[in-house]
>>> print(open('run.txt').read())   # compact mmCIF, C-alpha atoms and all ligand atoms
# COMPACT_ATOMS: atom_id res chain seq x y z
CA MET N 1 -190.26 89.15 -263.10
CA LYS N 2 -187.75 89.40 -260.27
CA LEU N 3 -184.52 87.54 -259.68
CA LYS N 4 -184.65 86.04 -256.18
CA ILE N 5 -181.30 85.92 -254.43
CA ALA N 6 -180.59 84.16 -251.11
CA VAL N 7 -178.03 85.84 -248.87
CA GLN N 8 -176.83 84.94 -245.37
CA LYS N 9 -179.06 86.67 -242.81
CA SER N 10 -176.22 87.52 -240.46
CA GLY N 11 -172.72 86.18 -239.98
CA ARG N 12 -169.42 86.20 -241.77
CA LEU N 13 -170.81 86.49 -245.30
CA TYR N 14 -173.48 89.12 -244.68
CA ASP N 15 -171.46 92.35 -244.95
CA ASP N 16 -169.44 91.34 -248.00
CA SER N 17 -172.52 89.98 -249.79
CA MET N 18 -174.44 93.22 -249.27
CA ARG N 19 -171.42 95.29 -250.23
CA LEU N 20 -171.01 93.34 -253.45
CA LEU N 21 -174.63 93.97 -254.42
CA LYS N 22 -174.22 97.64 -253.58
CA GLU N 23 -171.08 97.91 -255.70
CA CYS N 24 -173.05 96.29 -258.51
CA GLY N 25 -175.37 99.27 -258.28
CA ILE N 26 -178.15 97.34 -256.60
CA ALA N 27 -179.65 99.32 -253.74
CA ILE N 28 -181.34 97.24 -251.08
CA ALA N 29 -183.37 98.94 -248.40
CA ASN N 30 -181.70 97.47 -245.28
CA GLY N 31 -181.96 93.77 -244.56
CA GLY N 32 -181.05 92.88 -241.00
CA ASN N 33 -183.99 91.35 -239.23
CA LYS N 34 -186.26 91.12 -242.20
CA LEU N 35 -186.71 87.92 -244.14
CA LYS N 36 -187.12 89.68 -247.47
CA ALA N 37 -186.13 92.95 -249.12
CA GLU N 38 -186.58 94.45 -252.56
CA ALA N 39 -183.97 96.16 -254.69
CA ALA N 40 -184.94 99.66 -255.76
CA ASN N 41 -183.22 99.75 -259.14
CA PHE N 42 -182.80 96.15 -260.30
CA PRO N 43 -185.51 93.51 -260.63
CA MET N 44 -184.29 91.63 -257.58
CA GLU N 45 -185.70 90.32 -254.34
CA VAL N 46 -183.33 89.40 -251.51
CA TYR N 47 -184.08 86.56 -249.08
CA PHE N 48 -182.12 86.52 -245.84
CA LEU N 49 -181.45 82.95 -244.69
CA ARG N 50 -179.04 80.78 -242.69
CA ASP N 51 -176.06 79.97 -244.89
CA ASP N 52 -176.58 76.21 -244.47
CA ASP N 53 -180.07 76.46 -245.98
CA ILE N 54 -179.09 78.45 -249.07
CA PRO N 55 -178.11 75.52 -251.37
CA GLN N 56 -181.42 73.79 -250.61
CA TYR N 57 -183.49 76.91 -251.36
CA VAL N 58 -181.62 77.39 -254.62
CA GLU N 59 -181.98 73.74 -255.62
CA ASP N 60 -185.72 73.94 -254.95
CA GLY N 61 -185.97 77.16 -256.95
CA VAL N 62 -187.41 79.07 -253.99
CA ALA N 63 -184.43 81.33 -254.69
CA ASP N 64 -182.99 81.56 -258.20
CA ILE N 65 -179.47 82.34 -257.05
CA GLY N 66 -177.60 82.53 -253.77
CA ILE N 67 -174.34 83.45 -252.11
CA ALA N 68 -172.78 80.77 -249.92
CA GLY N 69 -169.38 79.36 -248.99
CA GLU N 70 -168.04 76.56 -251.18
CA ASN N 71 -167.72 74.51 -247.98
CA VAL N 72 -171.49 74.63 -247.51
CA VAL N 73 -172.31 74.20 -251.20
CA TYR N 74 -170.18 71.05 -251.57
CA GLU N 75 -171.13 69.62 -248.17
CA LYS N 76 -174.84 69.83 -248.98
CA LYS N 77 -174.43 68.07 -252.34
CA LYS N 78 -177.39 69.91 -253.88
CA GLN N 79 -178.08 70.21 -257.58
CA VAL N 80 -176.98 73.82 -258.07
CA GLU N 81 -174.56 75.49 -260.43
CA VAL N 82 -171.51 77.35 -259.13
CA ARG N 83 -171.39 80.45 -261.35
CA GLU N 84 -168.65 82.66 -259.93
CA LYS N 85 -166.08 82.77 -257.15
CA LEU N 86 -166.61 85.99 -255.23
CA GLY N 87 -163.24 86.54 -253.56
CA PHE N 88 -164.49 86.90 -249.95
CA GLY N 89 -165.34 84.53 -247.09
CA LYS N 90 -162.03 82.80 -247.62
CA CYS N 91 -161.26 79.94 -245.27
CA ARG N 92 -159.93 76.38 -245.22
CA LEU N 93 -161.57 73.17 -244.15
CA SER N 94 -158.67 71.54 -242.35
CA LEU N 95 -157.77 68.61 -240.20
CA ALA N 96 -156.32 69.62 -236.86
CA VAL N 97 -154.70 67.57 -234.13
CA ASP N 98 -153.19 68.07 -230.69
CA LYS N 99 -150.19 70.33 -231.14
CA LYS N 100 -147.86 67.67 -229.70
CA GLU N 101 -149.04 65.00 -232.17
CA THR N 102 -146.97 64.02 -235.23
CA PHE N 103 -149.56 63.92 -237.96
CA SER N 104 -149.58 61.78 -241.08
CA LYS N 105 -152.39 60.43 -243.24
CA GLU N 106 -151.64 56.92 -241.98
CA TRP N 107 -151.90 58.12 -238.40
CA LEU N 108 -155.59 58.84 -239.06
CA ASN N 109 -156.39 55.15 -239.55
CA GLY N 110 -158.60 53.94 -236.73
CA LYS N 111 -158.91 57.42 -235.23
CA ARG N 112 -162.09 59.37 -234.41
CA VAL N 113 -162.50 62.69 -236.17
CA ALA N 114 -165.08 65.25 -235.03
CA THR N 115 -166.56 67.54 -237.68
CA SER N 116 -169.60 69.44 -238.92
CA TYR N 117 -168.61 68.46 -242.47
CA PRO N 118 -169.09 64.68 -242.65
CA VAL N 119 -169.59 64.59 -246.42
CA LEU N 120 -166.42 66.49 -247.32
CA LEU N 121 -164.42 64.63 -244.68
CA GLN N 122 -165.65 61.23 -245.91
CA GLN N 123 -164.69 62.18 -249.48
CA TYR N 124 -161.21 63.07 -248.28
CA LEU N 125 -160.88 59.81 -246.34
CA ASP N 126 -162.04 57.78 -249.35
CA ARG N 127 -159.68 59.62 -251.70
CA ASN N 128 -156.80 58.76 -249.43
CA LYS N 129 -157.99 55.25 -248.51
CA ILE N 130 -158.04 56.11 -244.83
CA ASN N 131 -160.27 54.25 -242.44
CA ALA N 132 -161.31 56.67 -239.71
CA GLU N 133 -164.49 57.12 -237.74
CA ILE N 134 -166.41 60.35 -238.30
CA HIS N 135 -168.11 61.86 -235.30
CA GLU N 136 -170.55 64.50 -236.47
CA ILE N 137 -171.16 67.47 -234.18
CA SER N 138 -172.82 70.73 -235.07
CA GLY N 139 -170.75 73.31 -233.20
CA SER N 140 -167.67 73.93 -231.04
CA VAL N 141 -165.83 71.17 -232.84
CA GLU N 142 -162.51 72.51 -231.58
CA ILE N 143 -163.14 71.38 -228.00
CA ALA N 144 -163.73 67.74 -228.99
CA PRO N 145 -160.13 66.48 -228.57
CA GLY N 146 -159.73 68.25 -225.22
CA ILE N 147 -162.77 66.50 -223.73
CA GLY N 148 -161.82 63.11 -225.14
CA LEU N 149 -164.55 63.02 -227.78
CA ALA N 150 -162.18 62.70 -230.73
CA ASP N 151 -158.52 62.29 -231.69
CA ALA N 152 -158.67 64.95 -234.40
CA ILE N 153 -161.05 67.50 -235.82
CA CYS N 154 -161.94 68.71 -239.29
CA ASP N 155 -163.15 72.29 -239.17
CA LEU N 156 -163.06 75.70 -240.85
CA VAL N 157 -159.94 77.73 -240.20
CA SER N 158 -158.97 81.21 -241.27
CA SER N 159 -156.35 82.67 -238.92
CA GLY N 160 -155.91 79.51 -236.88
CA SER N 161 -156.22 81.35 -233.56
CA THR N 162 -159.19 79.24 -232.40
CA LEU N 163 -157.11 76.10 -232.92
CA LEU N 164 -154.20 77.59 -231.04
CA THR N 165 -156.25 78.54 -227.98
CA ASN N 166 -157.51 74.95 -227.87
CA GLY N 167 -154.04 73.42 -228.00
CA LEU N 168 -154.48 72.22 -231.59
CA LYS N 169 -152.47 72.67 -234.77
CA GLU N 170 -153.60 72.65 -238.38
CA ALA N 171 -152.39 69.41 -239.97
CA GLU N 172 -153.82 69.33 -243.47
CA THR N 173 -156.20 71.34 -245.64
CA ILE N 174 -158.91 69.29 -247.27
CA LEU N 175 -160.72 72.16 -249.04
CA SER N 176 -159.91 75.81 -249.74
CA SER N 177 -163.14 77.73 -249.72
CA GLN N 178 -164.55 81.13 -250.56
CA ALA N 179 -168.00 82.57 -251.17
CA VAL N 180 -169.53 81.69 -254.53
CA LEU N 181 -172.59 82.68 -256.50
CA ILE N 182 -174.77 79.66 -257.14
CA SER N 183 -177.84 79.34 -259.33
CA SER N 184 -180.70 76.93 -259.85
CA THR N 185 -180.36 74.63 -262.80
CA GLY N 186 -182.74 75.37 -265.64
CA LEU N 187 -183.58 79.03 -265.04
CA ASN N 188 -185.87 80.47 -267.70
CA THR N 189 -184.37 82.78 -270.31
CA GLU N 190 -185.59 85.93 -268.69
CA LYS N 191 -184.03 85.02 -265.33
CA GLU N 192 -180.85 83.74 -266.96
CA ASN N 193 -180.53 87.12 -268.68
CA LEU N 194 -180.77 88.83 -265.31
CA VAL N 195 -178.09 86.49 -263.94
CA GLN N 196 -175.86 87.39 -266.89
CA LYS N 197 -176.42 91.07 -266.19
CA LEU N 198 -175.51 90.57 -262.54
CA LEU N 199 -172.43 88.48 -263.42
CA PHE N 200 -171.26 91.19 -265.82
CA ARG N 201 -171.43 93.72 -263.00
CA ILE N 202 -169.80 91.37 -260.46
CA ARG N 203 -166.86 90.80 -262.82
CA ALA N 204 -166.45 94.53 -263.40
CA VAL N 205 -166.37 95.13 -259.64
CA GLN N 206 -163.89 92.28 -259.08
CA LYS N 207 -161.61 93.46 -261.89
CA ALA N 208 -161.64 96.97 -260.47
CA ARG N 209 -160.68 95.64 -257.05
CA ASN N 210 -157.68 93.86 -258.52
CA ASN N 211 -156.44 96.88 -260.44
CA LYS N 212 -155.25 100.37 -259.61
CA TYR N 213 -155.11 103.50 -261.70
CA ILE N 214 -151.65 105.01 -261.70
CA LEU N 215 -150.52 108.51 -262.69
CA LEU N 216 -146.94 109.70 -262.77
CA ASN N 217 -144.62 112.32 -264.21
CA ALA N 218 -141.68 111.34 -266.37
CA PRO N 219 -138.87 113.17 -268.12
CA ASP N 220 -139.38 112.68 -271.87
CA GLU N 221 -136.05 110.92 -272.36
CA LYS N 222 -137.16 108.20 -269.87
CA LEU N 223 -140.65 107.78 -271.38
CA GLN N 224 -139.90 104.67 -273.43
CA ASP N 225 -138.44 102.77 -270.44
CA ILE N 226 -141.37 103.75 -268.25
CA ILE N 227 -144.01 102.85 -270.83
CA LYS N 228 -142.48 99.37 -271.10
CA LEU N 229 -143.24 98.84 -267.42
CA LEU N 230 -146.89 99.88 -267.81
CA PRO N 231 -148.90 97.79 -270.24
CA GLY N 232 -152.23 99.40 -269.26
CA MET N 233 -155.55 98.32 -270.75
CA LYS N 234 -154.36 98.97 -274.31
CA SER N 235 -151.34 101.18 -273.80
CA PRO N 236 -150.67 104.01 -271.36
CA THR N 237 -151.98 107.53 -271.93
CA VAL N 238 -149.17 110.07 -272.33
CA LEU N 239 -149.92 113.81 -271.94
CA PRO N 240 -147.42 116.67 -272.09
CA LEU N 241 -146.91 118.64 -268.87
CA ALA N 242 -146.80 122.46 -268.85
CA THR N 243 -143.09 122.12 -268.01
CA LYS N 244 -141.20 121.39 -271.19
CA GLY N 245 -139.48 118.02 -271.47
CA TRP N 246 -141.90 116.32 -269.05
CA SER N 247 -144.96 114.14 -269.58
CA SER N 248 -147.72 112.71 -267.46
CA VAL N 249 -148.32 108.98 -267.89
CA HIS N 250 -151.61 107.29 -266.91
CA SER N 251 -152.17 103.55 -266.78
CA VAL N 252 -153.70 100.58 -264.96
CA VAL N 253 -151.65 98.15 -262.90
CA GLN N 254 -152.57 94.89 -261.21
CA GLU N 255 -152.62 94.78 -257.46
CA ASP N 256 -150.38 91.67 -257.49
CA ASP N 257 -147.45 93.29 -259.29
CA PHE N 258 -148.09 96.68 -257.79
CA TRP N 259 -145.11 97.11 -255.43
CA SER N 260 -142.53 95.67 -257.78
CA ILE N 261 -143.75 97.95 -260.57
CA ILE N 262 -143.63 101.03 -258.33
CA GLU N 263 -140.00 100.28 -257.46
CA GLN N 264 -139.05 99.79 -261.09
CA LEU N 265 -140.84 103.00 -262.07
CA LYS N 266 -138.91 105.00 -259.48
CA GLU N 267 -135.64 103.50 -260.68
CA ALA N 268 -136.58 104.39 -264.25
CA GLY N 269 -137.00 108.05 -263.28
CA ALA N 270 -140.72 108.41 -262.58
CA GLN N 271 -141.76 111.13 -260.13
CA GLY N 272 -144.95 112.22 -258.39
CA ILE N 273 -146.52 108.79 -258.59
CA LEU N 274 -150.23 108.73 -257.68
CA VAL N 275 -152.20 105.54 -257.26
CA VAL N 276 -155.99 105.63 -257.10
CA PRO N 277 -158.62 102.94 -256.70
CA ILE N 278 -160.82 102.07 -259.66
CA GLU N 279 -164.52 101.82 -258.98
CA LYS N 280 -165.64 99.73 -261.97
CA MET N 281 -163.65 98.25 -264.81
CA ILE N 282 -165.11 97.00 -268.08
CA VAL N 283 -162.71 95.54 -270.60
P1 LIG N 301 -175.67 80.77 -239.97
O1 LIG N 301 -176.40 81.35 -238.81
O2 LIG N 301 -175.97 81.49 -241.24
O3 LIG N 301 -175.80 79.27 -240.08
P2 LIG N 301 -172.88 80.16 -239.34
O4 LIG N 301 -172.51 80.39 -237.91
O5 LIG N 301 -173.06 78.79 -239.84
O6 LIG N 301 -174.13 81.11 -239.69
P3 LIG N 301 -170.63 81.83 -240.16
O7 LIG N 301 -169.74 81.55 -239.01
O8 LIG N 301 -171.21 83.20 -240.30
O9 LIG N 301 -171.81 80.76 -240.32
O10 LIG N 301 -169.82 81.46 -241.48
C1 LIG N 301 -170.41 81.54 -242.73
C2 LIG N 301 -169.38 81.13 -243.76
O11 LIG N 301 -168.26 82.00 -243.72
C3 LIG N 301 -168.79 79.75 -243.61
O12 LIG N 301 -169.63 78.73 -244.10
C4 LIG N 301 -167.53 79.88 -244.44
O13 LIG N 301 -167.82 79.70 -245.81
C5 LIG N 301 -167.13 81.32 -244.23
N1 LIG N 301 -165.95 81.51 -243.33
C6 LIG N 301 -164.88 82.28 -243.57
N2 LIG N 301 -163.97 82.22 -242.58
C7 LIG N 301 -164.46 81.42 -241.67
C8 LIG N 301 -163.98 80.95 -240.39
N3 LIG N 301 -162.81 81.32 -239.87
N4 LIG N 301 -164.78 80.13 -239.68
C9 LIG N 301 -165.98 79.77 -240.15
N5 LIG N 301 -166.46 80.17 -241.36
C10 LIG N 301 -165.72 80.98 -242.11
ZN ZN N 302 -174.44 78.03 -240.82
>>> encode(input="run.txt", output="structure tokens")
Amino acid sequence: MKLKIAVQKSGRLYDDSMRLLKECGIAIANGGNKLKAEAANFPMEVYFLRDDDIPQYVEDGVADIGIAGENVVYEKKKQVEVREKLGFGKCRLSLAVDKKETFSKEWLNGKRVATSYPVLLQQYLDRNKINAEIHEISGSVEIAPGIGLADAICDLVSSGSTLLTNGLKEAETILSSQAVLISSTGLNTEKENLVQKLLFRIRAVQKARNNKYILLNAPDEKLQDIIKLLPGMKSPTVLPLATKGWSSVHSVVQEDDFWSIIEQLKEAGAQGILVVPIEKMIV
């Protein structure tokens, strides 16, 4: 039995999806132009598809699991389970208007909004009791206001540079999105066990990405202050250095607090601070 996973064939999610599988120890003999590939060391088969089709394939059970953006998963309204946020493919589905326009929700009433996401946009309009006309187009949504096709657009944004070059400004975010792992509902036990195994590995990879291993030297009289700054997984490792009165301290710190901790460590008397990436982390 093999777990069938659907991954974007090419595009913004392809590289990160393949990298994630690789970091989970799953070796896939190149994808690229092929429709299908087999993993060498995990009972997995990879299907390369357009991202928009992935929720449908997973709902139908043609693929057991898939990687797709939340924007696509929620727009398609398929019966699939969202199992894990994957931390890449981050973007926003946002309303954008002419940069000279003063935007408000009320302003949208009676306006035409061009989008490739009619379902998500309609949900937003309903939530906010706005009466606007949705004009569905499949690509190059950002040019719609310029050619008089719409008063506003609702499109994916990450840096915002596409909006800017089209004389638009981001007015409001209606969905924050990232890539997620989805699965079919009602997988059999054997497949569910494989999903659990994969999720365990994904979480270990994600944890490792968010943490750094830190090594430093500290004079013994400062050890207590320094240890207080470094909670570690249980508590820091402390080893004596060959030089008397000095110790080496090893611990794990979170990426988010990283810089503030480094500064505090230096102030507390730490020297020779080394920070190294962690490959996998199981807690
Ligand atoms: P496909 O040929 O698979 O249909 P596509 O052109 O629809 O490809 P991409 O542009 O590769 O799709 O985007 C895939 C996903 O990447 C989006 O659905 C979204 O979740 C995510 N994404 C992240 N940042 C952006 C962005 N700035 N613009 C568009 N999508 C983004
Ligand atoms: Zn697509």
>>> closest_residue(input="run.txt", among="N:Leu49, N:Met281, N:Leu13, N:Val119", to="Ala204 in chain N", atoms="all atoms listed in the file")
N:Met281
>>> residues_around(input="run.txt", residues="Val276 in chain N", least_positions_apart="2", cutoff="7 Å", atoms="only C-alpha atoms", output="PyMOL selection string")
chain N and resi 212-214+274+278
>>> residues_near_ligand(input="run.txt", ligand="ligand ZN 302 (chain N)", cutoff="9 Å", atoms="only C-alpha atoms and all ligand atoms", output="count of residues only")
7
>>> residues_near_ligand(input="run.txt", ligand="ligand LIG 301 (chain N)", cutoff="9 Å", atoms="all atoms listed in the file", output="MDAnalysis selection string")
chainID N and resid 8:14 49:54 68:73 88:93 139 155:160 162 177:179
>>> atom_distance(input="run.txt", atom1="CA of Lys34 in chain N", atom2="CA of Ile202 in chain N")
24.6 Å
>>> closest_atom_pairs(input="run.txt", of="range 137-223 of chain N", to="range 264-267 of chain N", cutoff="12 Å", atoms="all atoms listed in the file", output="CSV")
residue,atom,partner,partner_atom,distance
N:Ile214,CA,N:Leu265,CA,11.0
N:Leu215,CA,N:Leu265,CA,11.2
N:Leu216,CA,N:Leu265,CA,9.1
N:Asn217,CA,N:Leu265,CA,10.3
N:Ala218,CA,N:Leu265,CA,9.4
N:Pro219,CA,N:Lys266,CA,11.9
N:Lys222,CA,N:Leu265,CA,10.1
N:Leu223,CA,N:Leu265,CA,10.5
>>> atom_distance(input="run.txt", atom1="CA of Lys234 in chain N", atom2="CA of Lys197 in chain N")
24.8 Å
>>> closest_residue(input="run.txt", among="N:Leu121, N:Ala6, N:Ile134, N:Val113", to="Asp151 in chain N", atoms="all atoms listed in the file")
N:Val113
>>> atom_distance(input="run.txt", atom1="CA of Val62 in chain N", atom2="CA of Thr115 in chain N")
28.9 Å
>>> residues_around(input="run.txt", residues="Glu101 in chain N", least_positions_apart="6", cutoff="12 Å", atoms="all atoms listed in the file", output="list in words")
Trp107, Leu108, Pro145, Asp151, Ala152, Gly167, Leu168, Lys169, Glu170 and Ala171 of chain N
>>> closest_atom_pairs(input="run.txt", of="range 142-190 of chain N", to="range 82-86 of chain N", cutoff="12 Å", atoms="only C-alpha atoms", output="Markdown table")
| residue | atom | partner | partner_atom | distance |
| --- | --- | --- | --- | --- |
| N:Ser176 | CA | N:Lys85 | CA | 11.9 |
| N:Ser177 | CA | N:Lys85 | CA | 9.4 |
| N:Gln178 | CA | N:Lys85 | CA | 7.0 |
| N:Ala179 | CA | N:Leu86 | CA | 5.5 |
| N:Val180 | CA | N:Lys85 | CA | 4.5 |
| N:Leu181 | CA | N:Glu84 | CA | 5.2 |
| N:Ile182 | CA | N:Val82 | CA | 4.5 |
| N:Ser183 | CA | N:Val82 | CA | 6.6 |
| N:Ser184 | CA | N:Val82 | CA | 9.2 |
| N:Thr185 | CA | N:Val82 | CA | 10.0 |
>>> residues_around(input="run.txt", residues="Lys105 in chain N", least_positions_apart="2", cutoff="12 Å", atoms="all atoms listed in the file", output="list of chain:residue names")
N:Leu95, N:Ala96, N:Val97, N:Thr102, N:Phe103, N:Trp107, N:Leu108, N:Asn109, N:Gly110, N:Lys111, N:Tyr124, N:Leu125, N:Asp126, N:Arg127, N:Asn128, N:Lys129, N:Ile130, N:Asn131, N:Ala132, N:Ala152, N:Ala171, N:Glu172, N:Thr173, N:Ile174
>>> closest_residue(input="run.txt", among="N:Val141, N:Ala208, N:Val80, N:Leu194", to="Asp60 in chain N", atoms="all atoms listed in the file")
N:Val80
>>> closest_residue(input="run.txt", among="N:Asp16, N:Val252, N:Gly245, N:Ile147", to="Pro231 in chain N", atoms="all atoms listed in the file")
N:Val252
>>> closest_residue(input="run.txt", among="N:Val205, N:Leu3, N:Val195, N:Leu164", to="Gly61 in chain N", atoms="all atoms listed in the file")
N:Leu3
>>> closest_residue(input="run.txt", among="N:Lys99, N:Pro240, N:Ile65, N:Ala37", to="Glu192 in chain N", atoms="all atoms listed in the file")
N:Ile65
>>> residues_around(input="run.txt", residues="Glu142 in chain N", least_positions_apart="6", cutoff="7 Å", atoms="all atoms listed in the file", output="list of chain:residue names")
N:Ile153, N:Leu163, N:Asn166
>>> residues_around(input="run.txt", residues="Asp220 in chain N", least_positions_apart="3", cutoff="12 Å", atoms="all atoms listed in the file", output="list in words")
Asn217, Leu223, Gln224, Asp225, Ile226, Ile227, Val238, Leu239, Pro240, Leu241, Thr243, Lys244, Gly245, Trp246, Ser247, Ser248, Val249, Ala268, Gly269 and Ala270 of chain N
>>> write_last_selection(input="run.txt", atoms="C-alpha atoms", output="PDB file, in the coordinates of the input")
ATOM      1  CA  ASN N 217    -144.620 112.320-264.210  1.00  0.00           C
ATOM      2  CA  LEU N 223    -140.650 107.780-271.380  1.00  0.00           C
ATOM      3  CA  GLN N 224    -139.900 104.670-273.430  1.00  0.00           C
ATOM      4  CA  ASP N 225    -138.440 102.770-270.440  1.00  0.00           C
ATOM      5  CA  ILE N 226    -141.370 103.750-268.250  1.00  0.00           C
ATOM      6  CA  ILE N 227    -144.010 102.850-270.830  1.00  0.00           C
ATOM      7  CA  VAL N 238    -149.170 110.070-272.330  1.00  0.00           C
ATOM      8  CA  LEU N 239    -149.920 113.810-271.940  1.00  0.00           C
ATOM      9  CA  PRO N 240    -147.420 116.670-272.090  1.00  0.00           C
ATOM     10  CA  LEU N 241    -146.910 118.640-268.870  1.00  0.00           C
ATOM     11  CA  THR N 243    -143.090 122.120-268.010  1.00  0.00           C
ATOM     12  CA  LYS N 244    -141.200 121.390-271.190  1.00  0.00           C
ATOM     13  CA  GLY N 245    -139.480 118.020-271.470  1.00  0.00           C
ATOM     14  CA  TRP N 246    -141.900 116.320-269.050  1.00  0.00           C
ATOM     15  CA  SER N 247    -144.960 114.140-269.580  1.00  0.00           C
ATOM     16  CA  SER N 248    -147.720 112.710-267.460  1.00  0.00           C
ATOM     17  CA  VAL N 249    -148.320 108.980-267.890  1.00  0.00           C
ATOM     18  CA  ALA N 268    -136.580 104.390-264.250  1.00  0.00           C
ATOM     19  CA  GLY N 269    -137.000 108.050-263.280  1.00  0.00           C
ATOM     20  CA  ALA N 270    -140.720 108.410-262.580  1.00  0.00           C
TER      21      ALA N 270
END
>>> residues_near_point(input="run.txt", point="(-186.8, 87.9, -263.0)", cutoff="12 Å", atoms="all atoms listed in the file", output="PDB file with C-alpha atoms, in the coordinates of the input")
ATOM      1  CA  MET N   1    -190.260  89.150-263.100  1.00  0.00           C
ATOM      2  CA  LYS N   2    -187.750  89.400-260.270  1.00  0.00           C
ATOM      3  CA  LEU N   3    -184.520  87.540-259.680  1.00  0.00           C
ATOM      4  CA  LYS N   4    -184.650  86.040-256.180  1.00  0.00           C
ATOM      5  CA  ILE N   5    -181.300  85.920-254.430  1.00  0.00           C
ATOM      6  CA  PHE N  42    -182.800  96.150-260.300  1.00  0.00           C
ATOM      7  CA  PRO N  43    -185.510  93.510-260.630  1.00  0.00           C
ATOM      8  CA  MET N  44    -184.290  91.630-257.580  1.00  0.00           C
ATOM      9  CA  GLU N  45    -185.700  90.320-254.340  1.00  0.00           C
ATOM     10  CA  ALA N  63    -184.430  81.330-254.690  1.00  0.00           C
ATOM     11  CA  ASP N  64    -182.990  81.560-258.200  1.00  0.00           C
ATOM     12  CA  ILE N  65    -179.470  82.340-257.050  1.00  0.00           C
ATOM     13  CA  LEU N 187    -183.580  79.030-265.040  1.00  0.00           C
ATOM     14  CA  ASN N 188    -185.870  80.470-267.700  1.00  0.00           C
ATOM     15  CA  THR N 189    -184.370  82.780-270.310  1.00  0.00           C
ATOM     16  CA  GLU N 190    -185.590  85.930-268.690  1.00  0.00           C
ATOM     17  CA  LYS N 191    -184.030  85.020-265.330  1.00  0.00           C
ATOM     18  CA  GLU N 192    -180.850  83.740-266.960  1.00  0.00           C
ATOM     19  CA  ASN N 193    -180.530  87.120-268.680  1.00  0.00           C
ATOM     20  CA  LEU N 194    -180.770  88.830-265.310  1.00  0.00           C
ATOM     21  CA  VAL N 195    -178.090  86.490-263.940  1.00  0.00           C
ATOM     22  CA  GLN N 196    -175.860  87.390-266.890  1.00  0.00           C
ATOM     23  CA  LYS N 197    -176.420  91.070-266.190  1.00  0.00           C
ATOM     24  CA  LEU N 198    -175.510  90.570-262.540  1.00  0.00           C
TER      25      LEU N 198
END
>>> build_atoms(input="run.txt", residues="range 105-109 of chain N", atoms="all heavy atoms", output="short mmCIF file (atom, residue, chain, number, x, y, z; two decimals), in the frame of the given file")
data_model
loop_
_atom_site.label_atom_id
_atom_site.label_comp_id
_atom_site.auth_asym_id
_atom_site.auth_seq_id
_atom_site.Cartn_x
_atom_site.Cartn_y
_atom_site.Cartn_z
N LYS N 105 -151.12 61.00 -242.78
CA LYS N 105 -152.39 60.43 -243.24
C LYS N 105 -152.60 59.05 -242.60
O LYS N 105 -153.71 58.72 -242.19
CB LYS N 105 -152.40 60.32 -244.76
CG LYS N 105 -152.66 61.68 -245.40
CD LYS N 105 -152.68 61.62 -246.89
CE LYS N 105 -152.91 63.02 -247.43
NZ LYS N 105 -152.53 63.21 -248.80
N GLU N 106 -151.54 58.27 -242.54
CA GLU N 106 -151.64 56.92 -241.98
C GLU N 106 -152.07 56.96 -240.51
O GLU N 106 -152.81 56.10 -240.05
CB GLU N 106 -150.29 56.17 -242.08
CG GLU N 106 -149.80 55.92 -243.50
CD GLU N 106 -149.35 57.20 -244.20
OE1 GLU N 106 -148.59 57.97 -243.58
OE2 GLU N 106 -149.76 57.43 -245.36
N TRP N 107 -151.57 57.96 -239.83
CA TRP N 107 -151.90 58.12 -238.40
C TRP N 107 -153.42 58.15 -238.19
O TRP N 107 -153.93 57.68 -237.18
CB TRP N 107 -151.25 59.42 -237.90
CG TRP N 107 -151.60 59.80 -236.48
CD1 TRP N 107 -150.93 59.40 -235.35
CD2 TRP N 107 -152.68 60.63 -236.03
NE1 TRP N 107 -151.53 59.94 -234.24
CE2 TRP N 107 -152.61 60.69 -234.62
CE3 TRP N 107 -153.70 61.32 -236.69
CZ2 TRP N 107 -153.51 61.43 -233.86
CZ3 TRP N 107 -154.62 62.05 -235.93
CH2 TRP N 107 -154.52 62.10 -234.53
N LEU N 108 -154.13 58.69 -239.18
CA LEU N 108 -155.59 58.84 -239.06
C LEU N 108 -156.33 57.51 -239.00
O LEU N 108 -157.46 57.45 -238.52
CB LEU N 108 -156.12 59.65 -240.24
CG LEU N 108 -156.10 61.17 -240.15
CD1 LEU N 108 -156.56 61.76 -241.46
CD2 LEU N 108 -156.98 61.67 -239.01
N ASN N 109 -155.72 56.45 -239.54
CA ASN N 109 -156.39 55.15 -239.55
C ASN N 109 -156.80 54.73 -238.14
O ASN N 109 -155.99 54.74 -237.21
CB ASN N 109 -155.48 54.08 -240.16
CG ASN N 109 -155.62 54.04 -241.66
OD1 ASN N 109 -156.73 53.85 -242.19
ND2 ASN N 109 -154.51 54.24 -242.35
#
